[in-house]
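Student: Handing you this structure, nothing more for now.
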There are 2 protein chains.
Amino acid sequence: MRPVDLIRKKRDGAEHTREEIAALVNGYTAGSIPDYQMSAWLMAVLLRGMSRTEIAALTELMLNSGATMDLSSIPGKKVDKHSTGGVGDKTSFILAAIVAAAGLTVPMISGRGLGHTGGTLDKLESIPGFNVNLSTEQFMHVLKTCGCGLIGQTAEIAPADKKLYALRDVTGTVESPALICASIMSKKLAEGIDALVLDVKTGSGAFMKKKEDAIHLAELMVETGQQMGKRVAALITDMDQPLGRTVGNSLEILECIEIMRGDSHPLSHDLRTLSVELSAWMFFLTDSVTSVDSGRNRAEEMLTSGKALAKFKEILRLQGGGDISVVDKPSRLPHSSHTTEFKSTRDGFITAVQCEYVGTASLTLGGGRSKKEDSIDHAVGLVLHKKVGDTVKTGDSICTVHYNAVTPGWEDRLAQALEILNDSYEVGEKPPTSRPPLIHQVIGKALSAHAD
Amino acid sequence: MRPVDLIRKKRDGAEHTREEIAALVNGYTAGSIPDYQMSAWLMAVLLRGMSRTEIAALTELMLNSGATMDLSSIPGKKVDKHSTGGVGDKTSFILAAIVAAAGLTVPMISGRGLGHTGGTLDKLESIPGFNVNLSTEQFMHVLKTCGCGLIGQTAEIAPADKKLYALRDVTGTVESPALICASIMSKKLAEGIDALVLDVKTGSGAFMKKKEDAIHLAELMVETGQQMGKRVAALITDMDQPLGRTVGNSLEILECIEIMRGDSHPLSHDLRTLSVELSAWMFFLTDSVTSVDSGRNRAEEMLTSGKALAKFKEILRLQGGGDISVVDKPSRLPHSSHTTEFKSTRDGFITAVQCEYVGTASLTLGGGRSKKEDSIDHAVGLVLHKKVGDTVKTGDSICTVHYNAVTPGWEDRLAQALEILNDSYEVGEKPPTSRPPLIHQVIGKALSAHAD
């Protein structure tokens, strides 16, 4: 079984056997198959596709390329959420606190931002002292103590994915549903969880711009997870505008604290709703409640009682975020030296947002990475004052731009960010005929309900 | 212009600009673009295709990645032939002698065999003392002296192709008409020729099994060459059975000598006819004659007068093949220690030959390479006694197998070769309804005739 023959087989659109996928994954992880053969195979996979059977085999082999977490010593159900990424997407912090406050265990292994989307780890690192690099022992201790831990991918978890992802990033082979599914599911299933809720974003700020592509990916992931004995459901959710009212690392953490404190801004409503919804599904899939409706009530209870906030403080304390955390002293979060307003130049309605551009504007200010090596300015970002459908008058601020005037070239970057924002927002005379629904649909509902 | 963006562009089926192709070819040749990015791009090209404009740009950039030969100090027209490769394909030796004998210059840069097809250089090296590794100065001297030289690709000629071909070979990206066209044409046009005749093989022993694929490749190559100011025509020729009556390095050289000597076997008729036909086109495209018909007469004259044979002796002498060459003493060619007959087990007609298998049988005996590093046994091979349509009786020899009983495992290899031959030949009760035509059609005829 020469690698070149396996490449040719996929190139010609044939289906791989499990043994063939094993030869590729194991050979690549061990270093006997070079990058240049793997990248040709990845391109063939992207253009020819993979069957469900192939995807399940690829996922399982990538999962088993490394260690899986053994959480059997922790009583109760373990559950996690994964999002395909978007702009202002920060539900993780809220739902992790909600679900752990209700007694479940949330072993959340997350990634960093790349391109226009933010990353959970980057946002967490805007909290002074917060440490996302725990050893497996430290992570287990945190999970046992407070029911939730938030860390980055370790070297032991799915090394095949780590190596493959780095290669895909530089060879134009990221956007394959089969490869995305195997990458996400191999990492998430390595967490030793019982259930998983997927937040698959669709719209102008998502990787999957088209709803049908998002649904296809969601179906692949749900089926793959269920085949491996997990309870999985996917929510197809809107990313045609940023979620909540902030974009940028510390600004997003602050918005989450506001929601957990109970004094959030009306424009944070969609973020609060989606966090509750995802929590409800996490409760439901772990049989903590008998319906998603009851799950919603449970989540609301955790928020309004202050239990979620208390849990969040506990997580921060255990992962180095300080005894007097940013929850009690939000001024401890980094904030930018300057702000300026991005104003409307006409009267009308916000009819559409090029959501990816909004993410790029924040990245341009220093809030994200163009290249892996880039460092991040945690303080910069955007606070939005208008959402799609809102009225706007000439001179009204559409959003406040938080920037730092320190590193060389900041004037150019600010000017560029404002220009990008100008291209992002469409103001029309008439209101848009409809506002995008926050949740389009749920995939795997029926199967999940009867999975046990 | 990041390489990953160029990969994504081709992946999504878009057309590259000349600048983009230049960035890829030059970056890869210089080493700034790594193998793993180039192989992903090559796979995207194979699966998405390239436009005629892209192919012309790729060919020209690969051509200009290295030196081109300057033959302006040699008077008269320069012309070459290229074959896409087949089994028993040995026209080069005959037509080079014919065309050079008539006063034209044939600067032939050839390749080695890989897989089931033989290579011109390997066949030449079965001639004791023959040196295919001449320096540019030596090559120029040979060309000036006798009008024909036969060498391998030098490091200076199309280095981009050299590097790309090695990568394509191990990444399943050989079979792209666009890449094949650019590879062949960049090397051939670097020879500094005025005209080129292409022998594009089709059938069970060719790389292009289907006639429409052969025609497509021929059209690409003819158009690319003509765009670069050369007179080019392509003959689509049969490879549904081996050409001539021998397969194997020294056996093939001997068959060519027989034809030039004028005492060839009737089963060599197709080889002689095709060599004359290709020579005729070489005469026609260089305006040495006013019609292909006259070209045929000129070629016949060179053969029957003995001038081609004399020219062949001159080439051998100049490239180290000795003063008393194998032409005068064919016994100087390596010959195998043993022969055995592959016999028919029934009465009937040869209805079909799996021509690729026949090539593989010779390779299995040691006459070809599975891997680049393999060494070649020049003496082994097959002498055919039957062609498609011929009658055969039980016990008749279909071919004589020439083998050596020296290297370990020879018994296994011989048994395997005989088994492959058994799978190669179909004997039926009735003769085949038609015999394949030797020449299917000519591409570029009209354009070539009016090119000047």
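How things are named: the first chain in the structure tokens is A, the next is B, and so on; residues count from 1 in each chain; ligands count from 1 in the order shown.
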Counting only C-alpha atoms, a student should be able to say which residues of chain A come within 7 Å of chain B; what is the right answer, written as an MDAnalysis selection string?
Tutor: chainID A and resid 4 7:8 35:37 39:40 43:44 170:172
Student: Atoms to include: C-alpha atoms. Write the selected residues as an mmCIF file, in the first residue's frame.
Tutor:
data_model
loop_
_atom_site.group_PDB
_atom_site.id
_atom_site.type_symbol
_atom_site.label_atom_id
_atom_site.label_comp_id
_atom_site.auth_asym_id
_atom_site.auth_seq_id
_atom_site.Cartn_x
_atom_site.Cartn_y
_atom_site.Cartn_z
ATOM 1 C CA VAL A 4 1.049 7.379 -4.028
ATOM 2 C CA ILE A 7 -3.484 9.420 -3.337
ATOM 3 C CA ARG A 8 -4.379 8.190 -6.838
ATOM 4 C CA ASP A 35 3.988 16.518 4.006
ATOM 5 C CA TYR A 36 4.053 16.699 0.202
ATOM 6 C CA GLN A 37 2.192 13.425 -0.195
ATOM 7 C CA SER A 39 -1.128 17.642 1.081
ATOM 8 C CA ALA A 40 -1.834 16.093 -2.344
ATOM 9 C CA MET A 43 -6.539 18.312 -1.843
ATOM 10 C CA ALA A 44 -7.938 15.158 -3.454
ATOM 11 C CA VAL A 170 -1.012 26.418 4.391
ATOM 12 C CA THR A 171 -2.212 24.198 1.539
ATOM 13 C CA GLY A 172 -5.733 25.521 0.929
#
Student: Could you pull out all residues of region 118-354 of chain B with a DSSP call of strand (DSSP E or B) and give them as JSON, numbers by chain?
Tutor: {"B": [148, 149, 150, 151, 152, 157, 195, 196, 197, 198, 199, 200, 201, 202, 231, 232, 233, 234, 235, 236, 237, 238, 246, 247, 338, 339, 340, 341, 342, 343, 348, 349, 350, 351, 352, 353]}
Student: Near Met185 (chain B), within 7 Å and counting only C-alpha atoms, which residues show up once chain neighbours fewer than 2 positions away are dropped, as a list in words?
Tutor: Thr59, Cys181, Ala182, Ser183, Lys187, Lys188, Leu189, Met221 and Gly225 of chain B
Student: Put those residues in a file: N, CA and C atoms, as a compact mmCIF listing (two decimals), in the first residue's frame.
Tutor:
# COMPACT_ATOMS: atom_id res chain seq x y z
N THR B 59 4.07 26.47 -19.63
CA THR B 59 5.10 25.90 -20.50
C THR B 59 6.25 26.89 -20.67
N CYS B 181 1.56 18.27 -20.93
CA CYS B 181 1.85 19.17 -22.04
C CYS B 181 2.99 20.12 -21.68
N ALA B 182 2.88 20.78 -20.52
CA ALA B 182 3.91 21.75 -20.13
C ALA B 182 5.26 21.08 -19.92
N SER B 183 5.22 19.87 -19.36
CA SER B 183 6.47 19.15 -19.10
C SER B 183 7.17 18.79 -20.42
N LYS B 187 10.58 21.06 -22.22
CA LYS B 187 11.85 20.40 -22.50
C LYS B 187 12.18 20.44 -23.98
N LYS B 188 11.20 20.13 -24.81
CA LYS B 188 11.46 20.03 -26.25
C LYS B 188 11.77 21.41 -26.84
N LEU B 189 11.05 22.43 -26.37
CA LEU B 189 11.29 23.77 -26.93
C LEU B 189 12.63 24.34 -26.46
N MET B 221 -0.74 20.22 -26.93
CA MET B 221 0.69 20.35 -27.22
C MET B 221 0.92 21.08 -28.54
N GLY B 225 2.82 24.67 -28.72
CA GLY B 225 4.03 24.83 -29.53
C GLY B 225 3.87 25.89 -30.60
Student: Which residues are close to Ala308 (chain B), i.e. within 7 Å by only C-alpha atoms, leaving aside same-chain residues fewer than 6 positions away? Reply as a list in words.
Tutor: Ala97, Ile98, Ala101, Met260 and Met302 of chain B
Student: Write down as a ChimeraX atom specification the residues belonging to region 168-414 of chain B that are assigned helix (DSSP H, G or I) by DSSP computed on the backbone.
Tutor: /B:168-170,177-189,211-227,249-261,266-285,292-304,307-318,330-332,355-367,410-414
Student: Do a neighbour search on Val87 (chain B) at 6 Å with only C-alpha atoms, toss out local chain neighbours closer than 4 positions, and write the hits as JSON, numbers by chain.
Tutor: {"B": [117, 242, 359]}
